[in-house]
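Asks: File model.tsv follows (TSV, C-alpha atoms (C1' of nucleotides)):
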```tsv
chain	number	residue	atom	x	y	z
A	242	MET	CA	22.58	29.51	5.83
A	243	LYS	CA	19.53	29.66	3.60
A	244	ASN	CA	17.16	26.90	2.63
A	245	GLY	CA	18.56	26.34	-0.85
A	246	GLU	CA	22.14	26.15	0.32
A	247	VAL	CA	21.29	23.74	3.11
A	248	ALA	CA	19.29	21.59	0.73
A	249	LYS	CA	22.26	21.38	-1.60
A	250	GLN	CA	24.77	20.73	1.16
A	251	ILE	CA	22.80	18.07	3.01
A	252	GLY	CA	21.28	16.45	-0.03
A	253	LEU	CA	17.60	17.01	0.62
A	254	SER	CA	15.10	18.98	-1.45
A	255	GLU	CA	14.07	22.45	-0.31
A	256	ASP	CA	10.53	21.20	0.01
A	257	THR	CA	11.63	18.36	2.22
A	258	LEU	CA	13.44	20.76	4.51
A	259	ARG	CA	10.32	22.90	4.84
A	260	PHE	CA	8.25	19.78	5.28
A	261	TYR	CA	10.46	18.59	8.14
A	262	GLU	CA	10.09	21.95	9.81
A	263	LYS	CA	6.30	21.73	9.51
A	264	GLU	CA	6.52	18.26	11.00
A	265	LYS	CA	8.35	19.67	14.03
A	266	LEU	CA	11.60	17.84	13.39
A	267	MET	CA	13.82	20.89	13.46
A	268	GLY	CA	12.73	23.13	16.32
A	269	GLU	CA	13.03	26.87	15.80
A	270	VAL	CA	14.53	27.95	12.51
A	271	PRO	CA	15.52	31.63	12.70
A	272	ARG	CA	14.38	34.01	9.94
A	273	VAL	CA	15.95	37.12	8.48
A	274	ASN	CA	13.29	39.14	6.71
A	275	GLY	CA	11.11	36.07	6.79
A	276	ILE	CA	13.83	34.01	5.12
A	277	ARG	CA	15.19	30.92	6.85
A	278	ASP	CA	18.70	31.28	8.19
A	279	TYR	CA	19.66	27.90	9.63
A	280	SER	CA	21.98	27.87	12.65
A	281	GLU	CA	24.78	25.40	13.30
A	282	ALA	CA	22.48	23.62	15.75
A	283	ASN	CA	19.82	23.44	13.03
A	284	LEU	CA	22.34	21.90	10.66
A	285	ARG	CA	23.44	19.25	13.13
A	286	ARG	CA	19.85	18.35	13.73
A	287	ILE	CA	19.10	18.12	10.03
A	288	GLN	CA	22.04	15.77	9.63
A	289	PHE	CA	20.75	13.59	12.42
A	290	VAL	CA	17.23	13.58	11.02
A	291	LYS	CA	18.56	12.71	7.58
A	292	CYS	CA	20.57	9.84	8.96
A	293	LEU	CA	17.49	8.46	10.68
A	294	ARG	CA	15.33	8.97	7.61
A	295	ASP	CA	17.97	7.25	5.48
A	296	ALA	CA	17.48	4.31	7.79
A	297	GLU	CA	13.74	4.69	7.29
A	298	VAL	CA	12.95	5.66	10.86
A	299	SER	CA	9.44	7.15	10.70
A	300	ILE	CA	8.80	10.88	10.90
A	301	GLU	CA	6.54	10.10	13.84
A	302	ALA	CA	9.31	8.41	15.82
A	303	ILE	CA	11.82	11.14	15.01
A	304	ARG	CA	9.35	13.82	16.08
A	305	GLU	CA	8.75	12.07	19.36
A	306	TYR	CA	12.46	11.72	20.05
A	307	ILE	CA	13.04	15.38	19.33
A	308	ARG	CA	10.05	16.46	21.37
A	309	LEU	CA	11.59	14.69	24.35
A	310	TYR	CA	15.07	15.96	23.63
A	311	ASP	CA	13.82	19.53	23.66
A	312	GLN	CA	12.29	19.02	27.08
A	313	GLY	CA	15.66	18.48	28.69
A	314	GLU	CA	17.33	16.09	31.08
A	315	GLN	CA	14.31	14.58	32.77
A	316	THR	CA	13.23	12.94	29.52
A	317	ILE	CA	16.42	10.89	29.21
A	318	PRO	CA	14.83	7.65	30.37
A	319	ALA	CA	11.98	8.09	27.90
A	320	ARG	CA	14.46	8.89	25.14
A	321	LEU	CA	16.46	5.80	25.95
A	322	GLY	CA	13.32	3.72	25.65
A	323	LEU	CA	12.57	5.22	22.29
A	324	LEU	CA	16.08	4.68	21.02
A	325	GLU	CA	16.10	1.06	22.13
A	326	GLU	CA	12.81	0.56	20.37
A	327	GLN	CA	14.15	2.00	17.14
A	328	ARG	CA	17.28	-0.06	17.53
A	329	LYS	CA	15.12	-3.16	17.64
A	330	ILE	CA	13.21	-2.11	14.54
A	331	LEU	CA	16.46	-1.46	12.69
A	332	GLU	CA	17.85	-4.79	13.80
A	333	GLU	CA	14.74	-6.50	12.46
A	334	ARG	CA	15.07	-4.66	9.16
A	335	LEU	CA	18.72	-5.57	8.94
A	336	ASN	CA	17.86	-9.21	9.40
A	337	LYS	CA	15.15	-9.16	6.77
A	338	ALA	CA	17.37	-7.36	4.29
A	339	LYS	CA	20.11	-9.88	5.04
A	340	LEU	CA	17.75	-12.76	4.47
A	341	ALA	CA	16.52	-11.45	1.14
A	342	TYR	CA	20.08	-10.61	0.17
A	343	ASP	CA	21.14	-14.16	0.90
A	344	LYS	CA	18.21	-15.65	-0.99
A	345	ILE	CA	18.98	-13.49	-3.97
A	346	THR	CA	22.66	-14.35	-3.79
A	347	HIS	CA	21.73	-17.99	-3.64
A	348	LYS	CA	19.50	-17.62	-6.71
A	349	ILE	CA	22.29	-15.86	-8.55
A	350	LYS	CA	24.66	-18.69	-7.68
A	351	LEU	CA	22.15	-21.20	-8.98
A	352	HIS	CA	21.96	-19.26	-12.22
A	353	GLU	CA	25.72	-19.09	-12.48
A	354	LYS	CA	25.93	-22.83	-12.07
A	355	GLY	CA	23.22	-23.11	-14.69
A	356	VAL	CA	21.04	-25.05	-12.26
A	357	ASN	CA	17.99	-22.91	-12.65
B	796	MET	CA	-5.28	-24.34	-0.19
B	797	LYS	CA	-7.71	-21.46	0.09
B	798	ASN	CA	-6.99	-17.79	0.46
B	799	GLY	CA	-7.72	-17.56	4.18
B	800	GLU	CA	-5.59	-20.56	5.05
B	801	VAL	CA	-2.68	-19.34	2.99
B	802	ALA	CA	-2.98	-15.90	4.55
B	803	LYS	CA	-2.81	-17.44	8.00
B	804	GLN	CA	0.02	-19.79	7.15
B	805	ILE	CA	2.24	-17.26	5.39
B	806	GLY	CA	1.39	-14.31	7.59
B	807	LEU	CA	-0.17	-11.96	5.07
B	808	SER	CA	-3.70	-10.59	4.99
B	809	GLU	CA	-6.22	-12.07	2.58
B	810	ASP	CA	-6.47	-8.71	0.90
B	811	THR	CA	-2.73	-8.56	0.43
B	812	LEU	CA	-2.76	-11.96	-1.23
B	813	ARG	CA	-5.48	-10.84	-3.64
B	814	PHE	CA	-3.63	-7.59	-4.18
B	815	TYR	CA	-0.43	-9.42	-5.10
B	816	GLU	CA	-2.35	-11.50	-7.58
B	817	LYS	CA	-3.81	-8.36	-9.16
B	818	GLU	CA	-0.29	-6.96	-9.32
B	819	LYS	CA	0.85	-10.01	-11.29
B	820	LEU	CA	3.20	-11.31	-8.64
B	821	MET	CA	1.73	-14.78	-8.47
B	822	GLY	CA	0.97	-16.00	-11.96
B	823	GLU	CA	-2.06	-18.21	-12.40
B	824	VAL	CA	-3.94	-19.09	-9.26
B	825	PRO	CA	-6.31	-21.99	-9.94
B	826	ARG	CA	-9.97	-21.71	-8.87
B	827	VAL	CA	-12.50	-24.29	-7.73
B	828	ASN	CA	-15.99	-22.89	-8.11
B	829	GLY	CA	-14.41	-19.48	-8.45
B	830	ILE	CA	-12.56	-19.92	-5.17
B	831	ARG	CA	-8.77	-19.71	-5.08
B	832	ASP	CA	-7.01	-23.02	-4.54
B	833	TYR	CA	-3.32	-22.24	-4.34
B	834	SER	CA	-0.90	-24.85	-5.66
B	835	GLU	CA	2.44	-25.80	-4.14
B	836	ALA	CA	4.13	-23.68	-6.78
B	837	ASN	CA	1.90	-20.74	-5.83
B	838	LEU	CA	2.89	-21.20	-2.20
B	839	ARG	CA	6.60	-21.23	-2.96
B	840	ARG	CA	6.18	-18.10	-4.99
B	841	ILE	CA	4.23	-16.36	-2.24
B	842	GLN	CA	7.02	-17.22	0.19
B	843	PHE	CA	9.58	-15.74	-2.13
B	844	VAL	CA	7.52	-12.61	-2.72
B	845	LYS	CA	6.99	-12.21	1.01
B	846	CYS	CA	10.69	-12.52	1.66
B	847	LEU	CA	11.43	-9.82	-0.88
B	848	ARG	CA	8.66	-7.56	0.42
B	849	ASP	CA	9.95	-8.07	3.97
B	850	ALA	CA	13.18	-6.64	2.65
B	851	GLU	CA	11.19	-3.84	1.09
B	852	VAL	CA	11.90	-4.75	-2.50
B	853	SER	CA	9.29	-2.83	-4.53
B	854	ILE	CA	6.26	-4.49	-6.05
B	855	GLU	CA	7.44	-3.12	-9.37
B	856	ALA	CA	10.82	-4.85	-9.16
B	857	ILE	CA	9.28	-8.11	-8.00
B	858	ARG	CA	6.77	-8.02	-10.84
B	859	GLU	CA	9.51	-7.46	-13.35
B	860	TYR	CA	11.57	-10.34	-11.99
B	861	ILE	CA	8.61	-12.67	-12.12
B	862	ARG	CA	7.62	-11.53	-15.58
B	863	LEU	CA	11.08	-12.54	-16.78
B	864	TYR	CA	11.07	-15.78	-14.81
B	865	ASP	CA	7.82	-16.82	-16.45
B	866	GLN	CA	9.33	-16.29	-19.88
B	867	GLY	CA	11.85	-19.04	-19.37
B	868	GLU	CA	15.54	-19.66	-19.87
B	869	GLN	CA	16.39	-16.95	-22.31
B	870	THR	CA	15.64	-14.26	-19.71
B	871	ILE	CA	18.28	-15.51	-17.30
B	872	PRO	CA	20.77	-12.77	-18.14
B	873	ALA	CA	18.09	-10.11	-17.64
B	874	ARG	CA	17.07	-11.71	-14.36
B	875	LEU	CA	20.65	-11.77	-13.20
B	876	GLY	CA	20.91	-8.07	-13.92
B	877	LEU	CA	17.78	-7.39	-11.95
B	878	LEU	CA	18.92	-9.46	-9.01
B	879	GLU	CA	22.29	-7.75	-8.92
B	880	GLU	CA	20.53	-4.41	-8.96
B	881	GLN	CA	18.31	-5.37	-6.04
B	882	ARG	CA	21.31	-6.75	-4.23
B	883	LYS	CA	22.96	-3.37	-4.54
B	884	ILE	CA	19.87	-1.60	-3.23
B	885	LEU	CA	19.70	-3.97	-0.28
B	886	GLU	CA	23.37	-3.50	0.43
B	887	GLU	CA	22.82	0.26	0.46
B	888	ARG	CA	19.89	-0.11	2.82
B	889	LEU	CA	21.89	-2.35	5.06
B	890	ASN	CA	24.62	0.22	5.27
B	891	LYS	CA	22.23	3.04	6.08
B	892	ALA	CA	20.46	1.00	8.71
B	893	LYS	CA	23.84	0.07	10.17
B	894	LEU	CA	24.89	3.71	10.26
B	895	ALA	CA	21.74	4.86	12.03
B	896	TYR	CA	21.98	1.89	14.36
B	897	ASP	CA	25.50	2.87	15.27
B	898	LYS	CA	24.60	6.51	15.79
B	899	ILE	CA	21.73	5.52	18.03
B	900	THR	CA	23.91	3.09	19.93
B	901	HIS	CA	26.46	5.84	20.35
B	902	LYS	CA	23.78	8.19	21.67
B	903	ILE	CA	22.58	5.54	24.09
B	904	LYS	CA	26.13	5.06	25.35
B	905	LEU	CA	26.45	8.80	25.85
B	906	HIS	CA	23.27	8.76	27.88
B	907	GLU	CA	24.45	5.81	29.93
B	908	LYS	CA	27.62	7.65	30.75
B	909	GLY	CA	25.48	10.66	31.62
B	910	VAL	CA	27.31	12.76	29.07
B	911	ASN	CA	24.21	14.00	27.29
C	619	DT	C1'	13.50	50.87	-13.39
C	620	DC	C1'	12.87	46.53	-14.74
C	621	DT	C1'	13.94	41.84	-14.76
C	622	DT	C1'	15.87	37.79	-12.80
C	623	DG	C1'	16.33	34.66	-9.31
C	624	DA	C1'	15.93	32.86	-4.78
C	625	DC	C1'	13.02	32.86	-1.28
C	626	DT	C1'	8.11	32.72	1.28
C	627	DT	C1'	3.30	30.53	2.34
C	628	DG	C1'	-0.77	27.44	2.25
C	629	DG	C1'	-2.67	24.00	0.09
C	630	DA	C1'	-3.31	20.50	-3.42
C	631	DG	C1'	-1.49	16.48	-5.77
C	632	DT	C1'	1.26	12.10	-6.18
C	633	DC	C1'	2.97	7.56	-5.35
C	634	DC	C1'	3.14	3.32	-3.01
C	635	DA	C1'	1.38	-0.46	-0.68
C	636	DC	C1'	-1.94	-1.78	1.16
C	637	DT	C1'	-6.81	-1.98	3.53
C	638	DC	C1'	-11.62	-1.64	3.69
C	639	DC	C1'	-16.16	-2.03	1.88
C	640	DA	C1'	-20.59	-3.34	-0.42
C	641	DA	C1'	-22.93	-6.72	-2.65
C	642	DC	C1'	-23.12	-11.12	-3.67
C	643	DA	C1'	-22.36	-16.65	-3.73
C	644	DG	C1'	-21.52	-21.23	-2.00
C	645	DT	C1'	-20.81	-24.52	2.25
C	646	DT	C1'	-21.63	-26.01	6.86
C	647	DA	C1'	-23.90	-26.44	11.43
C	648	DT	C1'	-28.18	-26.40	14.03
D	522	DA	C1'	-34.20	-23.71	6.04
D	523	DT	C1'	-32.05	-20.24	8.15
D	524	DA	C1'	-27.96	-18.35	10.00
D	525	DA	C1'	-23.10	-18.13	10.18
D	526	DC	C1'	-18.99	-18.51	7.83
D	527	DT	C1'	-15.81	-18.02	4.27
D	528	DG	C1'	-15.05	-16.83	0.04
D	529	DT	C1'	-15.65	-13.68	-4.49
D	530	DT	C1'	-15.32	-9.02	-7.22
D	531	DG	C1'	-14.54	-4.11	-8.33
D	532	DG	C1'	-13.69	-0.07	-6.57
D	533	DA	C1'	-12.97	3.41	-3.03
D	534	DG	C1'	-10.29	4.94	0.93
D	535	DT	C1'	-6.01	5.39	3.88
D	536	DG	C1'	-1.46	6.79	5.64
D	537	DG	C1'	3.14	8.09	5.05
D	538	DA	C1'	6.38	10.92	2.97
D	539	DC	C1'	7.08	13.74	0.12
D	540	DT	C1'	6.51	16.96	-4.23
D	541	DC	C1'	4.48	20.49	-6.86
D	542	DC	C1'	2.21	24.78	-7.59
D	543	DA	C1'	0.26	29.56	-7.47
D	544	DA	C1'	0.76	33.88	-5.77
D	545	DG	C1'	3.45	36.79	-3.58
D	546	DT	C1'	8.03	39.27	-1.46
D	547	DC	C1'	12.58	40.98	-1.67
D	548	DA	C1'	17.48	42.05	-3.23
D	549	DA	C1'	20.87	42.50	-6.71
D	550	DG	C1'	22.42	43.41	-11.33
D	551	DA	C1'	21.93	45.39	-16.39
```
Represent the supplied structure as structure tokens.

Replies:
Amino acid sequence: MKNGEVAKQIGLSEDTLRFYEKEKLMGEVPRVNGIRDYSEANLRRIQFVKCLRDAEVSIEAIREYIRLYDQGEQTIPARLGLLEEQRKILEERLNKAKLAYDKITHKIKLHEKGVN
Amino acid sequence: MKNGEVAKQIGLSEDTLRFYEKEKLMGEVPRVNGIRDYSEANLRRIQFVKCLRDAEVSIEAIREYIRLYDQGEQTIPARLGLLEEQRKILEERLNKAKLAYDKITHKIKLHEKGVN
DNA sequence: TCTTGACTTGGAGTCCACTCCAACAGTTAT
DNA sequence: ATAACTGTTGGAGTGGACTCCAAGTCAAGA
């Protein structure tokens, strides 16, 4: 599958896909006549990366996770540590979003009641 | 209350406080001998802005909300629209964070079971 | 054969939200 | 009164994550 098709299917720009490759988030991407031909494994990884990026996990953290992953079994403890860390960050973000959401909801309610 | 004290109390850098003022997020900040002397109203606003920024609401959106707020009652409908919009964005973010969180949790579980 | 269109690369540019800095001023402690 | 501290301004610099662009290659269709 070529870059343009993947971009369309996954919902990322072609540039972003190339950028992620440069940033070592996707491992080896095979070429046919110099043209990218993403494998199934590539696609799964892109999906995973996109999911993490959607949740605003940093490129840096994703790269580190993948670097470990590609080194095999003995990095599992390190990977676990990294995942837990990201989980904490996400939890924090969730809480902050929730808080702002609630404050906004509260403000809306005040408006609706004509209090404000 | 002076810039440094406010920074310490609220948990923002002094530069950030000045930056927010430049970006029109704080309205008038009174000066004594050219030195900022934040009022109670200023402080409440800073708190609110911080809460929104913690939830990653853009400076742009915050500025717009505040611009409306400072124009009084007749902007309430517009403000409501803006708040609803931000609420939607936050909801989206929450969902994405939740999704990534779940995927990561799932991956951790797989590791714990030694599957991966 | 010529054009169109999708692809390649390396590198520059953009946007956002800060963050740092130089140069200066006023207050406080010794 | 001199140093240390805390503040001021305008403007430049930073880091992250893209996004755009020029110049080129290659394959397929009119």

Asks: For range 622-636 of chain C, list every protein, DNA or RNA residue within 12 Å, evaluated using all atoms listed in the file, and leave out those in the same chain fewer than 4 positions away; present the list as number ranges by chain.

Replies: A: 243-246, 255-256, 259, 263, 272-278; B: 807-815, 818, 848, 851-855; D: 534-551

Asks: What does the distance from CA of Lys339 in chain A to CA of Ile899 in chain B come to in Å, to one decimal?

Replies: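 Between CA of Lys339 in chain A and CA of Ile899 in chain B the gap works out to 20.2 Å.
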
Asks: Go ahead and compute the interatomic distance for CA of Ala836 in chain B and CA of Lys344 in chain A, in Å to one decimal.

Replies: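 Spanning CA of Ala836 in chain B to CA of Lys344 in chain A is a straight-line distance of 17.2 Å.
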
Asks: Restricting the calculation to all atoms listed in the file: of A:Cys292, A:Ala341, A:Leu266, A:Val247, which residue gets closest to Leu309 in chain A?

Replies: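 Answer, going by the shortest atom-to-atom distance: A:Leu266.
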
Asks: Can you work out the spacing between CA of Tyr279 in chain A and CA of Arg308 in chain A in Å, to one decimal?

Replies: 19.0 Å

Asks: Restrict the distance test to all atoms listed in the file, flag each residue of chain D within 10 Å of chain B, and return the flagged residues as a ChimeraX atom specification.

Replies: /D:527-529

Asks: Quick one: write out the picked residues with C-alpha atoms (C1' of nucleotides) as a PDB file, in the coordinates of the input?

Replies:
```
ATOM      1  C1'  DT D 527     -15.810 -18.020   4.270  1.00  0.00           C
ATOM      2  C1'  DG D 528     -15.050 -16.830   0.040  1.00  0.00           C
ATOM      3  C1'  DT D 529     -15.650 -13.680  -4.490  1.00  0.00           C
TER       4       DT D 529
END
```
